[in-house]
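*Asks:* File name model.pdb; file contents PDB, C-alpha atoms; full text below.
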ATOM      1  CA  GLY X 224     152.466 -33.067  30.625  1.00  0.00           C
ATOM      2  CA  GLN X 225     154.975 -31.037  32.511  1.00  0.00           C
ATOM      3  CA  GLN X 226     153.728 -29.482  35.731  1.00  0.00           C
ATOM      4  CA  VAL X 227     155.208 -26.697  37.813  1.00  0.00           C
ATOM      5  CA  MET X 228     154.046 -26.520  41.406  1.00  0.00           C
ATOM      6  CA  GLN X 229     154.524 -23.516  43.633  1.00  0.00           C
ATOM      7  CA  ILE X 230     154.131 -23.080  47.387  1.00  0.00           C
ATOM      8  CA  PRO X 231     152.849 -21.381  49.365  1.00  0.00           C
ATOM      9  CA  GLN X 232     149.828 -20.128  47.504  1.00  0.00           C
ATOM     10  CA  TYR X 233     149.617 -17.062  49.674  1.00  0.00           C
ATOM     11  CA  GLN X 234     151.767 -15.347  52.284  1.00  0.00           C
ATOM     12  CA  HIS X 235     151.096 -12.310  54.402  1.00  0.00           C
ATOM     13  CA  VAL X 236     154.177 -10.890  56.177  1.00  0.00           C
ATOM     14  CA  GLN X 237     155.022  -7.926  58.345  1.00  0.00           C
ATOM     15  CA  GLU X 238     157.214  -5.361  56.648  1.00  0.00           C
ATOM     16  CA  GLY X 239     160.829  -6.203  57.383  1.00  0.00           C
ATOM     17  CA  GLU X 240     160.248  -9.954  57.600  1.00  0.00           C
ATOM     18  CA  ASP X 241     161.729 -12.352  55.084  1.00  0.00           C
ATOM     19  CA  PHE X 242     159.737 -14.232  52.450  1.00  0.00           C
ATOM     20  CA  THR X 243     160.424 -17.386  50.458  1.00  0.00           C
ATOM     21  CA  THR X 244     158.512 -19.084  47.668  1.00  0.00           C
ATOM     22  CA  TYR X 245     159.337 -22.540  46.350  1.00  0.00           C
ATOM     23  CA  CYS X 246     158.914 -24.051  42.916  1.00  0.00           C
ATOM     24  CA  ASN X 247     159.001 -27.723  41.933  1.00  0.00           C
ATOM     25  CA  SER X 248     158.854 -29.224  38.465  1.00  0.00           C
ATOM     26  CA  SER X 249     157.724 -32.713  37.547  1.00  0.00           C
ATOM     27  CA  THR X 250     160.575 -32.885  35.007  1.00  0.00           C
ATOM     28  CA  THR X 251     164.181 -31.687  34.783  1.00  0.00           C
ATOM     29  CA  LEU X 252     164.331 -28.163  33.436  1.00  0.00           C
ATOM     30  CA  SER X 253     166.875 -26.635  31.076  1.00  0.00           C
ATOM     31  CA  ASN X 254     166.281 -23.341  32.846  1.00  0.00           C
ATOM     32  CA  ILE X 255     163.816 -21.697  35.188  1.00  0.00           C
ATOM     33  CA  GLN X 256     162.473 -18.184  35.090  1.00  0.00           C
ATOM     34  CA  TRP X 257     160.867 -15.962  37.702  1.00  0.00           C
ATOM     35  CA  TYR X 258     158.282 -13.259  37.140  1.00  0.00           C
ATOM     36  CA  LYS X 259     156.536 -10.686  39.322  1.00  0.00           C
ATOM     37  CA  GLN X 260     153.024  -9.414  38.722  1.00  0.00           C
ATOM     38  CA  ARG X 261     151.872  -6.395  40.673  1.00  0.00           C
ATOM     39  CA  PRO X 262     148.144  -6.163  41.519  1.00  0.00           C
ATOM     40  CA  GLY X 263     146.320  -5.055  38.385  1.00  0.00           C
ATOM     41  CA  GLY X 264     149.465  -5.431  36.313  1.00  0.00           C
ATOM     42  CA  HIS X 265     151.096  -7.929  34.031  1.00  0.00           C
ATOM     43  CA  PRO X 266     153.936 -10.408  34.654  1.00  0.00           C
ATOM     44  CA  VAL X 267     157.395  -8.863  34.498  1.00  0.00           C
ATOM     45  CA  PHE X 268     160.485 -10.979  33.921  1.00  0.00           C
ATOM     46  CA  LEU X 269     162.875 -10.980  36.874  1.00  0.00           C
ATOM     47  CA  ILE X 270     165.566 -13.534  36.126  1.00  0.00           C
ATOM     48  CA  GLN X 271     166.532 -16.761  34.394  1.00  0.00           C
ATOM     49  CA  LEU X 272     168.626 -19.504  36.021  1.00  0.00           C
ATOM     50  CA  VAL X 273     170.350 -22.052  33.831  1.00  0.00           C
ATOM     51  CA  LYS X 274     173.067 -23.917  35.735  1.00  0.00           C
ATOM     52  CA  SER X 275     172.605 -26.626  38.330  1.00  0.00           C
ATOM     53  CA  GLY X 276     172.962 -25.153  41.819  1.00  0.00           C
ATOM     54  CA  GLU X 277     173.044 -21.611  40.471  1.00  0.00           C
ATOM     55  CA  VAL X 278     172.422 -18.735  42.884  1.00  0.00           C
ATOM     56  CA  LYS X 279     171.765 -15.193  41.707  1.00  0.00           C
ATOM     57  CA  LYS X 280     171.031 -12.059  43.663  1.00  0.00           C
ATOM     58  CA  GLN X 281     169.174  -8.895  42.776  1.00  0.00           C
ATOM     59  CA  LYS X 282     169.410  -6.512  45.723  1.00  0.00           C
ATOM     60  CA  ARG X 283     167.205  -8.113  48.417  1.00  0.00           C
ATOM     61  CA  LEU X 284     166.097 -10.975  46.139  1.00  0.00           C
ATOM     62  CA  THR X 285     168.015 -14.266  46.041  1.00  0.00           C
ATOM     63  CA  PHE X 286     167.178 -16.885  43.423  1.00  0.00           C
ATOM     64  CA  GLN X 287     168.366 -20.471  43.585  1.00  0.00           C
ATOM     65  CA  PHE X 288     168.204 -23.371  41.123  1.00  0.00           C
ATOM     66  CA  GLY X 289     168.400 -26.854  42.595  1.00  0.00           C
ATOM     67  CA  GLU X 290     171.199 -29.300  41.901  1.00  0.00           C
ATOM     68  CA  ALA X 291     168.830 -31.633  40.078  1.00  0.00           C
ATOM     69  CA  LYS X 292     167.370 -28.707  38.106  1.00  0.00           C
ATOM     70  CA  LYS X 293     163.862 -29.638  39.209  1.00  0.00           C
ATOM     71  CA  ASN X 294     163.304 -27.065  41.912  1.00  0.00           C
ATOM     72  CA  SER X 295     163.957 -23.429  42.604  1.00  0.00           C
ATOM     73  CA  SER X 296     163.364 -20.801  45.248  1.00  0.00           C
ATOM     74  CA  LEU X 297     163.040 -17.061  45.541  1.00  0.00           C
ATOM     75  CA  HIS X 298     163.927 -15.450  48.854  1.00  0.00           C
ATOM     76  CA  ILE X 299     163.265 -11.818  49.694  1.00  0.00           C
ATOM     77  CA  THR X 300     165.140 -10.342  52.646  1.00  0.00           C
ATOM     78  CA  ALA X 301     163.466  -7.639  54.747  1.00  0.00           C
ATOM     79  CA  THR X 302     160.321  -7.249  52.684  1.00  0.00           C
ATOM     80  CA  GLN X 303     159.019  -3.822  51.766  1.00  0.00           C
ATOM     81  CA  THR X 304     155.562  -2.723  50.676  1.00  0.00           C
ATOM     82  CA  THR X 305     156.897  -2.419  47.129  1.00  0.00           C
ATOM     83  CA  ASP X 306     157.424  -6.197  47.095  1.00  0.00           C
ATOM     84  CA  VAL X 307     153.665  -6.789  47.085  1.00  0.00           C
ATOM     85  CA  GLY X 308     152.467  -8.889  44.164  1.00  0.00           C
ATOM     86  CA  THR X 309     152.356 -12.405  42.793  1.00  0.00           C
ATOM     87  CA  TYR X 310     155.602 -14.228  42.108  1.00  0.00           C
ATOM     88  CA  PHE X 311     155.577 -16.880  39.398  1.00  0.00           C
ATOM     89  CA  CYS X 312     158.161 -19.449  38.421  1.00  0.00           C
ATOM     90  CA  ALA X 313     158.108 -20.891  34.906  1.00  0.00           C
ATOM     91  CA  GLY X 314     159.922 -23.625  33.032  1.00  0.00           C
ATOM     92  CA  PRO X 315     160.253 -24.346  29.310  1.00  0.00           C
ATOM     93  CA  SER X 316     158.354 -27.185  27.737  1.00  0.00           C
ATOM     94  CA  GLY X 317     157.774 -28.696  24.317  1.00  0.00           C
ATOM     95  CA  GLU X 318     160.094 -30.039  21.642  1.00  0.00           C
ATOM     96  CA  TYR X 319     161.784 -26.690  21.071  1.00  0.00           C
ATOM     97  CA  GLY X 320     161.508 -25.484  24.668  1.00  0.00           C
ATOM     98  CA  ASN X 321     159.604 -22.475  23.470  1.00  0.00           C
ATOM     99  CA  LYS X 322     156.530 -22.920  25.644  1.00  0.00           C
ATOM    100  CA  LEU X 323     156.760 -21.612  29.179  1.00  0.00           C
ATOM    101  CA  VAL X 324     154.709 -23.478  31.759  1.00  0.00           C
ATOM    102  CA  PHE X 325     153.925 -21.281  34.742  1.00  0.00           C
ATOM    103  CA  GLY X 326     153.372 -22.214  38.339  1.00  0.00           C
ATOM    104  CA  ALA X 327     150.203 -20.979  40.020  1.00  0.00           C
ATOM    105  CA  GLY X 328     152.150 -18.228  41.758  1.00  0.00           C
ATOM    106  CA  THR X 329     152.616 -17.079  45.328  1.00  0.00           C
ATOM    107  CA  ILE X 330     150.691 -13.994  46.373  1.00  0.00           C
ATOM    108  CA  LEU X 331     152.717 -11.814  48.742  1.00  0.00           C
ATOM    109  CA  ARG X 332     151.053  -9.209  50.931  1.00  0.00           C
ATOM    110  CA  VAL X 333     153.136  -6.965  53.178  1.00  0.00           C
ATOM    111  CA  LYS X 334     151.745  -5.253  56.288  1.00  0.00           C
ATOM    112  CA  SER X 335     153.366  -1.945  57.132  1.00  0.00           C
TER     113      SER X 335
ATOM    114  CA  GLU Y  41     155.202   0.723  28.045  1.00  0.00           C
ATOM    115  CA  THR Y  42     156.709  -2.740  28.044  1.00  0.00           C
ATOM    116  CA  GLY Y  43     157.691  -2.939  24.376  1.00  0.00           C
ATOM    117  CA  VAL Y  44     154.696  -5.181  23.762  1.00  0.00           C
ATOM    118  CA  THR Y  45     151.514  -3.243  23.059  1.00  0.00           C
ATOM    119  CA  GLN Y  46     148.090  -4.785  23.399  1.00  0.00           C
ATOM    120  CA  THR Y  47     144.798  -3.282  22.319  1.00  0.00           C
ATOM    121  CA  PRO Y  48     142.177  -2.835  23.491  1.00  0.00           C
ATOM    122  CA  ARG Y  49     142.922  -2.699  27.226  1.00  0.00           C
ATOM    123  CA  HIS Y  50     139.341  -3.530  28.111  1.00  0.00           C
ATOM    124  CA  LEU Y  51     136.645  -5.255  26.071  1.00  0.00           C
ATOM    125  CA  VAL Y  52     133.060  -6.136  26.867  1.00  0.00           C
ATOM    126  CA  MET Y  53     131.355  -8.299  24.304  1.00  0.00           C
ATOM    127  CA  GLY Y  54     128.166 -10.239  23.922  1.00  0.00           C
ATOM    128  CA  MET Y  55     128.186 -13.951  23.256  1.00  0.00           C
ATOM    129  CA  THR Y  56     127.181 -13.425  19.631  1.00  0.00           C
ATOM    130  CA  ASN Y  57     129.790 -10.764  18.863  1.00  0.00           C
ATOM    131  CA  LYS Y  58     133.001 -11.088  16.888  1.00  0.00           C
ATOM    132  CA  LYS Y  59     136.000  -9.123  18.073  1.00  0.00           C
ATOM    133  CA  SER Y  60     139.775  -9.226  17.732  1.00  0.00           C
ATOM    134  CA  LEU Y  61     142.602  -8.602  20.158  1.00  0.00           C
ATOM    135  CA  LYS Y  62     145.780  -7.099  18.785  1.00  0.00           C
ATOM    136  CA  CYS Y  63     149.367  -7.409  19.928  1.00  0.00           C
ATOM    137  CA  GLU Y  64     152.405  -5.629  18.535  1.00  0.00           C
ATOM    138  CA  GLN Y  65     156.073  -5.820  19.462  1.00  0.00           C
ATOM    139  CA  HIS Y  66     159.143  -4.073  18.103  1.00  0.00           C
ATOM    140  CA  LEU Y  67     161.745  -5.722  20.303  1.00  0.00           C
ATOM    141  CA  GLY Y  68     163.241  -7.815  17.534  1.00  0.00           C
ATOM    142  CA  HIS Y  69     161.721 -10.926  19.050  1.00  0.00           C
ATOM    143  CA  ASN Y  70     160.646 -13.711  16.753  1.00  0.00           C
ATOM    144  CA  ALA Y  71     158.365 -15.673  19.038  1.00  0.00           C
ATOM    145  CA  MET Y  72     154.962 -14.505  20.204  1.00  0.00           C
ATOM    146  CA  TYR Y  73     152.406 -16.051  22.532  1.00  0.00           C
ATOM    147  CA  TRP Y  74     148.863 -15.745  23.798  1.00  0.00           C
ATOM    148  CA  TYR Y  75     148.197 -16.568  27.451  1.00  0.00           C
ATOM    149  CA  LYS Y  76     144.925 -16.609  29.361  1.00  0.00           C
ATOM    150  CA  GLN Y  77     144.887 -15.572  33.017  1.00  0.00           C
ATOM    151  CA  SER Y  78     141.761 -16.395  34.986  1.00  0.00           C
ATOM    152  CA  ALA Y  79     141.164 -15.848  38.666  1.00  0.00           C
ATOM    153  CA  LYS Y  80     142.701 -18.546  40.847  1.00  0.00           C
ATOM    154  CA  LYS Y  81     144.208 -20.393  37.854  1.00  0.00           C
ATOM    155  CA  PRO Y  82     147.776 -20.546  36.547  1.00  0.00           C
ATOM    156  CA  LEU Y  83     148.652 -18.705  33.394  1.00  0.00           C
ATOM    157  CA  GLU Y  84     147.462 -20.907  30.537  1.00  0.00           C
ATOM    158  CA  LEU Y  85     149.387 -20.987  27.283  1.00  0.00           C
ATOM    159  CA  MET Y  86     146.969 -20.758  24.373  1.00  0.00           C
ATOM    160  CA  PHE Y  87     149.082 -20.330  21.258  1.00  0.00           C
ATOM    161  CA  VAL Y  88     152.737 -20.089  20.239  1.00  0.00           C
ATOM    162  CA  TYR Y  89     154.155 -18.615  17.063  1.00  0.00           C
ATOM    163  CA  SER Y  90     157.895 -18.844  16.433  1.00  0.00           C
ATOM    164  CA  LEU Y  91     160.264 -19.464  13.560  1.00  0.00           C
ATOM    165  CA  GLU Y  92     160.770 -22.986  14.799  1.00  0.00           C
ATOM    166  CA  GLU Y  93     157.198 -23.902  15.465  1.00  0.00           C
ATOM    167  CA  ARG Y  94     153.651 -22.729  15.011  1.00  0.00           C
ATOM    168  CA  VAL Y  95     151.537 -24.380  17.626  1.00  0.00           C
ATOM    169  CA  GLU Y  96     147.813 -24.578  17.455  1.00  0.00           C
ATOM    170  CA  ASN Y  97     146.852 -25.617  20.941  1.00  0.00           C
ATOM    171  CA  ASN Y  98     144.285 -28.379  20.581  1.00  0.00           C
ATOM    172  CA  SER Y  99     142.879 -27.768  24.036  1.00  0.00           C
ATOM    173  CA  VAL Y 100     141.806 -24.229  23.143  1.00  0.00           C
ATOM    174  CA  PRO Y 101     138.233 -24.012  21.830  1.00  0.00           C
ATOM    175  CA  SER Y 102     137.824 -23.118  18.171  1.00  0.00           C
ATOM    176  CA  ARG Y 103     136.003 -19.929  19.127  1.00  0.00           C
ATOM    177  CA  PHE Y 104     139.531 -18.558  19.660  1.00  0.00           C
ATOM    178  CA  SER Y 105     141.443 -18.148  16.409  1.00  0.00           C
ATOM    179  CA  PRO Y 106     145.000 -16.794  16.287  1.00  0.00           C
ATOM    180  CA  GLU Y 107     146.640 -15.000  13.399  1.00  0.00           C
ATOM    181  CA  CYS Y 108     150.293 -14.031  13.075  1.00  0.00           C
ATOM    182  CA  PRO Y 109     150.887 -12.106   9.830  1.00  0.00           C
ATOM    183  CA  ASN Y 110     154.535 -11.360  10.697  1.00  0.00           C
ATOM    184  CA  SER Y 111     156.958 -11.591  13.584  1.00  0.00           C
ATOM    185  CA  SER Y 112     155.826  -8.252  15.038  1.00  0.00           C
ATOM    186  CA  HIS Y 113     152.074  -8.694  15.076  1.00  0.00           C
ATOM    187  CA  LEU Y 114     149.733 -11.199  16.642  1.00  0.00           C
ATOM    188  CA  PHE Y 115     145.963 -11.267  16.706  1.00  0.00           C
ATOM    189  CA  LEU Y 116     143.394 -13.283  18.603  1.00  0.00           C
ATOM    190  CA  HIS Y 117     140.044 -13.428  16.862  1.00  0.00           C
ATOM    191  CA  LEU Y 118     137.071 -14.098  19.099  1.00  0.00           C
ATOM    192  CA  HIS Y 119     133.607 -15.294  18.157  1.00  0.00           C
ATOM    193  CA  THR Y 120     130.626 -16.744  19.999  1.00  0.00           C
ATOM    194  CA  LEU Y 121     132.420 -16.673  23.325  1.00  0.00           C
ATOM    195  CA  GLN Y 122     131.017 -17.930  26.603  1.00  0.00           C
ATOM    196  CA  PRO Y 123     130.909 -16.105  29.958  1.00  0.00           C
ATOM    197  CA  GLU Y 124     133.613 -18.451  31.294  1.00  0.00           C
ATOM    198  CA  ASP Y 125     135.958 -16.998  28.669  1.00  0.00           C
ATOM    199  CA  SER Y 126     136.048 -13.765  30.659  1.00  0.00           C
ATOM    200  CA  ALA Y 127     139.677 -13.313  31.717  1.00  0.00           C
ATOM    201  CA  LEU Y 128     142.823 -11.300  31.211  1.00  0.00           C
ATOM    202  CA  TYR Y 129     144.388 -12.171  27.858  1.00  0.00           C
ATOM    203  CA  LEU Y 130     148.099 -11.573  27.784  1.00  0.00           C
ATOM    204  CA  CYS Y 131     150.355 -11.386  24.781  1.00  0.00           C
ATOM    205  CA  ALA Y 132     154.068 -12.025  25.200  1.00  0.00           C
ATOM    206  CA  SER Y 133     157.133 -12.131  23.015  1.00  0.00           C
ATOM    207  CA  SER Y 134     160.621 -13.539  23.344  1.00  0.00           C
ATOM    208  CA  LEU Y 135     163.698 -14.469  21.411  1.00  0.00           C
ATOM    209  CA  GLY Y 136     163.252 -17.845  19.786  1.00  0.00           C
ATOM    210  CA  PRO Y 137     164.832 -20.932  21.304  1.00  0.00           C
ATOM    211  CA  GLY Y 138     167.566 -20.759  18.694  1.00  0.00           C
ATOM    212  CA  GLN Y 139     168.562 -17.391  20.131  1.00  0.00           C
ATOM    213  CA  GLY Y 140     168.628 -18.513  23.746  1.00  0.00           C
ATOM    214  CA  MET Y 141     165.020 -17.558  24.337  1.00  0.00           C
ATOM    215  CA  GLY Y 142     165.472 -15.627  27.573  1.00  0.00           C
ATOM    216  CA  GLY Y 143     162.594 -14.064  29.409  1.00  0.00           C
ATOM    217  CA  TYR Y 144     159.213 -13.225  28.029  1.00  0.00           C
ATOM    218  CA  THR Y 145     158.092  -9.623  27.685  1.00  0.00           C
ATOM    219  CA  PHE Y 146     154.397  -9.374  28.401  1.00  0.00           C
ATOM    220  CA  GLY Y 147     151.958  -6.766  27.223  1.00  0.00           C
ATOM    221  CA  SER Y 148     149.598  -5.060  29.647  1.00  0.00           C
ATOM    222  CA  GLY Y 149     146.810  -7.427  28.642  1.00  0.00           C
ATOM    223  CA  THR Y 150     143.224  -7.132  27.494  1.00  0.00           C
ATOM    224  CA  ARG Y 151     140.619  -7.528  30.218  1.00  0.00           C
ATOM    225  CA  LEU Y 152     137.785  -9.349  28.464  1.00  0.00           C
ATOM    226  CA  THR Y 153     134.277  -9.599  29.851  1.00  0.00           C
ATOM    227  CA  VAL Y 154     131.711 -11.731  28.033  1.00  0.00           C
ATOM    228  CA  VAL Y 155     128.123 -10.886  28.841  1.00  0.00           C
TER     229      VAL Y 155
END
Using the file provided, produce a representation of the structure as structure tokens.

*Replies:*
Amino acid sequence: GQQVMQIPQYQHVQEGEDFTTYCNSSTTLSNIQWYKQRPGGHPVFLIQLVKSGEVKKQKRLTFQFGEAKKNSSLHITATQTTDVGTYFCAGPSGEYGNKLVFGAGTILRVKS
Amino acid sequence: ETGVTQTPRHLVMGMTNKKSLKCEQHLGHNAMYWYKQSAKKPLELMFVYSLEERVENNSVPSRFSPECPNSSHLFLHLHTLQPEDSALYLCASSLGPGQGMGGYTFGSGTRLTVV
């Protein structure tokens, strides 16, 4: 079945440093979604990318969808302690595309 | 509140107990899901209910039984669970694929401990 791989598994950065997490799918995706889960919390939807090569920004967060629609990245500029959490990518699967398959996530810790 | 309400927030149950998890959404979504989140494992999709498809996930043990009486409510009935079933159980909802799906809205989850 479809697999979504994410790297790195874990990253510990100094506050103010940049952070990037990468997502790769075993199949071409119709879209890719990103979620953030704070420690002790639940996943919260951040964004959905649909078009090949699409780039979207949300303040210090930049999301990119690869040209082949099989990979994606999330880049955070100048991390802050509020960025702490686990970042997940997810892609649709199944006949109707109504099943989201999640990557294992990247845990971000920020040292102040 | 996320718009998706899960109860209870915490549950401790013995292996011989029967309990149910409840999920409710009033976002106008017509697809609902159960996910299991265990330590050091990706989010695992357990069940999907949508207008287009009702999926009984064959890899989920029969001791988990879903029920979706309408598009706003979803239950997960539990019986004779094992300690390895201890996890965070997350309910989510979304627009159906016919409506562009979009992102999932997750509930706060039920932290289940099986003793």

*Asks:* Which residues are close to Lys334 (chain X), i.e. within 8 Å by all atoms listed in the file, leaving aside same-chain residues fewer than 4 positions away? Reply as a PyMOL selection string.

*Replies:* chain X and resi 235-238+304

*Asks:* For the residues in that selection, give me C-alpha atoms as a CSV table (one decimal), in the frame of the given file.

*Replies:*
chain,number,residue,atom,x,y,z
X,235,HIS,CA,151.1,-12.3,54.4
X,236,VAL,CA,154.2,-10.9,56.2
X,237,GLN,CA,155.0,-7.9,58.3
X,238,GLU,CA,157.2,-5.4,56.6
X,304,THR,CA,155.6,-2.7,50.7

*Asks:* Between Y:Pro82, Y:Thr47, Y:Val154, Y:His69, single out the one closest to Glu124 (chain Y), counting only C-alpha atoms.

*Replies:*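 Closest residue, counting only C-alpha atoms: Y:Val154.
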
*Asks:* Would you kindly report the residues of chain X within 9 Å of chain Y, using all atoms listed in the file, as a PyMOL selection string?

*Replies:* chain X and resi 256-258+264-271+319-328

*Asks:* Leaving out Thr120 (chain Y) and any residue of its chain fewer than 6 positions from it, which residues lie within 12 Å of it when counting all atoms listed in the file, given as a PDB file with C-alpha atoms, in the coordinates of the input?

*Replies:*
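This went into around-v1.pdb:
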ATOM      1  CA  MET Y  53     131.355  -8.299  24.304  1.00  0.00           C
ATOM      2  CA  GLY Y  54     128.166 -10.239  23.922  1.00  0.00           C
ATOM      3  CA  MET Y  55     128.186 -13.951  23.256  1.00  0.00           C
ATOM      4  CA  THR Y  56     127.181 -13.425  19.631  1.00  0.00           C
ATOM      5  CA  ASN Y  57     129.790 -10.764  18.863  1.00  0.00           C
ATOM      6  CA  LYS Y  58     133.001 -11.088  16.888  1.00  0.00           C
ATOM      7  CA  LYS Y  59     136.000  -9.123  18.073  1.00  0.00           C
ATOM      8  CA  PRO Y 101     138.233 -24.012  21.830  1.00  0.00           C
ATOM      9  CA  SER Y 102     137.824 -23.118  18.171  1.00  0.00           C
ATOM     10  CA  ARG Y 103     136.003 -19.929  19.127  1.00  0.00           C
ATOM     11  CA  PHE Y 104     139.531 -18.558  19.660  1.00  0.00           C
ATOM     12  CA  SER Y 105     141.443 -18.148  16.409  1.00  0.00           C
ATOM     13  CA  VAL Y 154     131.711 -11.731  28.033  1.00  0.00           C
ATOM     14  CA  VAL Y 155     128.123 -10.886  28.841  1.00  0.00           C
TER      15      VAL Y 155
END

*Asks:* Could you give me, as a list in words, the residues within 7 Å of Gln65 (chain Y), counting all atoms listed in the file and dropping anything in the same chain fewer than 4 positions from it?

*Replies:*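 Residues near the query, excluding close chain neighbours: Gly43, Val44, Thr45, Ser112 and His113 of chain Y.
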
*Asks:* Could those selected residues go to a file with C-alpha atoms, as a short mmCIF file (atom, residue, chain, number, x, y, z; two decimals), in the frame of the given file?

*Replies:*
data_model
loop_
_atom_site.label_atom_id
_atom_site.label_comp_id
_atom_site.auth_asym_id
_atom_site.auth_seq_id
_atom_site.Cartn_x
_atom_site.Cartn_y
_atom_site.Cartn_z
CA GLY Y 43 157.69 -2.94 24.38
CA VAL Y 44 154.70 -5.18 23.76
CA THR Y 45 151.51 -3.24 23.06
CA SER Y 112 155.83 -8.25 15.04
CA HIS Y 113 152.07 -8.69 15.08
#

*Asks:* Report, in Å to a single decimal, how far apart CA of Ile330 (chain X) and CA of Leu252 (chain X) are.

*Replies:*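 Between CA of Leu252 (chain X) and CA of Ile330 (chain X) the gap is 23.5 Å.
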
*Asks:* List, as a list of chain:residue names, every residue that the PyMOL selection byres ((chain X and resi 293-299) around 7) selects in the file provided.

*Replies:* X:Asp241, X:Phe242, X:Thr243, X:Thr244, X:Tyr245, X:Cys246, X:Asn247, X:Ser248, X:Thr250, X:Thr251, X:Leu252, X:Arg283, X:Leu284, X:Thr285, X:Phe286, X:Gln287, X:Phe288, X:Gly289, X:Ala291, X:Lys292, X:Thr300, X:Ala301, X:Thr302

*Asks:* Tell me which of X:Gly224, X:Arg261, X:Ile230, X:Lys279 sits closest to Asp306 (chain X), counting only C-alpha atoms.

*Replies:*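 Among the listed residues, X:Arg261 lies closest to Asp306 (chain X).
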
*Asks:* Report, in Å to a single decimal, how far apart CA of Pro48 (chain Y) and CA of Val307 (chain X) are.

*Replies:*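 We find that CA of Val307 (chain X) and CA of Pro48 (chain Y) lie 26.5 Å from each other.
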
*Asks:* What does the distance between CA of Leu116 (chain Y) and CA of Leu61 (chain Y) come to in Å, to one decimal place?

*Replies:*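 Interatomic distance here is 5.0 Å.
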
*Asks:* Assuming the chain letters and numbering stay as they are in my file, what does the PyMOL selection byres ((chain X and resi 331) around 7) actually select? List them as a list in words.

*Replies:*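 With the shown file as input, the PyMOL selection byres ((chain X and resi 331) around 7) matches Tyr233, Gln234, His235, Val307, Gly308, Thr309, Thr329, Ile330, Arg332 and Val333 of chain X.
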
*Asks:* Check the smallest atom-to-atom distance from each of X:Gly317, X:Met228, X:Glu290, X:Thr305 to Ser275 (chain X) using all atoms listed in the file, then report the winner.

*Replies:*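 Closest candidate: X:Glu290.
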
*Asks:* List as a short mmCIF file (atom, residue, chain, number, x, y, z; two decimals) with C-alpha atoms, in the coordinates of the input the protein and nucleic acid residues near Ile255 (chain X), meaning an atom at most 6 Å away when all atoms listed in the file are counted, but skip any in the same chain fewer than 2 places from it.

*Replies:*
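What ended up in part_8.cif:
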data_model
loop_
_atom_site.label_atom_id
_atom_site.label_comp_id
_atom_site.auth_asym_id
_atom_site.auth_seq_id
_atom_site.Cartn_x
_atom_site.Cartn_y
_atom_site.Cartn_z
CA GLN X 271 166.53 -16.76 34.39
CA LEU X 272 168.63 -19.50 36.02
CA ALA X 313 158.11 -20.89 34.91
CA GLY X 314 159.92 -23.62 33.03
#

*Asks:* Kindly provide, as AutoDock Vina command-line options, the centre and edge lengths (Å, one decimal) of an axis-aligned box around all atoms of region 125-135 of chain Y given in the file, with 6 Å on each side.

*Replies:*
--center_x 149.8 --center_y -14.1 --center_z 26.6 --size_x 39.7 --size_y 17.7 --size_z 22.3

*Asks:* Mind filling out region 269-277 of chain X with N, CA, C and O atoms and sending it as a PDB file, in the coordinates of the input?

*Replies:*
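Listed below is the output, part-v6.pdb:
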ATOM      1  N   LEU X 269     161.882 -11.346  35.873  1.00  0.00           N
ATOM      2  CA  LEU X 269     162.875 -10.980  36.874  1.00  0.00           C
ATOM      3  C   LEU X 269     164.241 -11.562  36.534  1.00  0.00           C
ATOM      4  O   LEU X 269     165.252 -10.854  36.529  1.00  0.00           O
ATOM      5  N   ILE X 270     164.263 -12.892  36.279  1.00  0.00           N
ATOM      6  CA  ILE X 270     165.566 -13.534  36.126  1.00  0.00           C
ATOM      7  C   ILE X 270     165.395 -14.905  35.493  1.00  0.00           C
ATOM      8  O   ILE X 270     164.309 -15.487  35.534  1.00  0.00           O
ATOM      9  N   GLN X 271     166.477 -15.397  34.914  1.00  0.00           N
ATOM     10  CA  GLN X 271     166.532 -16.761  34.394  1.00  0.00           C
ATOM     11  C   GLN X 271     167.742 -17.459  35.002  1.00  0.00           C
ATOM     12  O   GLN X 271     168.833 -16.904  35.030  1.00  0.00           O
ATOM     13  N   LEU X 272     167.538 -18.678  35.494  1.00  0.00           N
ATOM     14  CA  LEU X 272     168.626 -19.504  36.021  1.00  0.00           C
ATOM     15  C   LEU X 272     168.814 -20.684  35.089  1.00  0.00           C
ATOM     16  O   LEU X 272     167.833 -21.290  34.642  1.00  0.00           O
ATOM     17  N   VAL X 273     170.061 -21.014  34.825  1.00  0.00           N
ATOM     18  CA  VAL X 273     170.350 -22.052  33.831  1.00  0.00           C
ATOM     19  C   VAL X 273     171.170 -23.203  34.415  1.00  0.00           C
ATOM     20  O   VAL X 273     170.937 -24.372  34.095  1.00  0.00           O
ATOM     21  N   LYS X 274     172.117 -22.890  35.266  1.00  0.00           N
ATOM     22  CA  LYS X 274     173.067 -23.917  35.735  1.00  0.00           C
ATOM     23  C   LYS X 274     172.578 -24.598  37.007  1.00  0.00           C
ATOM     24  O   LYS X 274     171.954 -23.988  37.874  1.00  0.00           O
ATOM     25  N   SER X 275     172.912 -25.865  37.136  1.00  0.00           N
ATOM     26  CA  SER X 275     172.605 -26.626  38.330  1.00  0.00           C
ATOM     27  C   SER X 275     173.247 -25.958  39.545  1.00  0.00           C
ATOM     28  O   SER X 275     174.423 -25.614  39.514  1.00  0.00           O
ATOM     29  N   GLY X 276     172.443 -25.751  40.599  1.00  0.00           N
ATOM     30  CA  GLY X 276     172.962 -25.153  41.819  1.00  0.00           C
ATOM     31  C   GLY X 276     173.194 -23.656  41.745  1.00  0.00           C
ATOM     32  O   GLY X 276     173.720 -23.058  42.697  1.00  0.00           O
ATOM     33  N   GLU X 277     172.780 -23.043  40.658  1.00  0.00           N
ATOM     34  CA  GLU X 277     173.044 -21.611  40.471  1.00  0.00           C
ATOM     35  C   GLU X 277     172.321 -20.762  41.506  1.00  0.00           C
ATOM     36  O   GLU X 277     171.185 -21.042  41.872  1.00  0.00           O
TER      37      GLU X 277
END
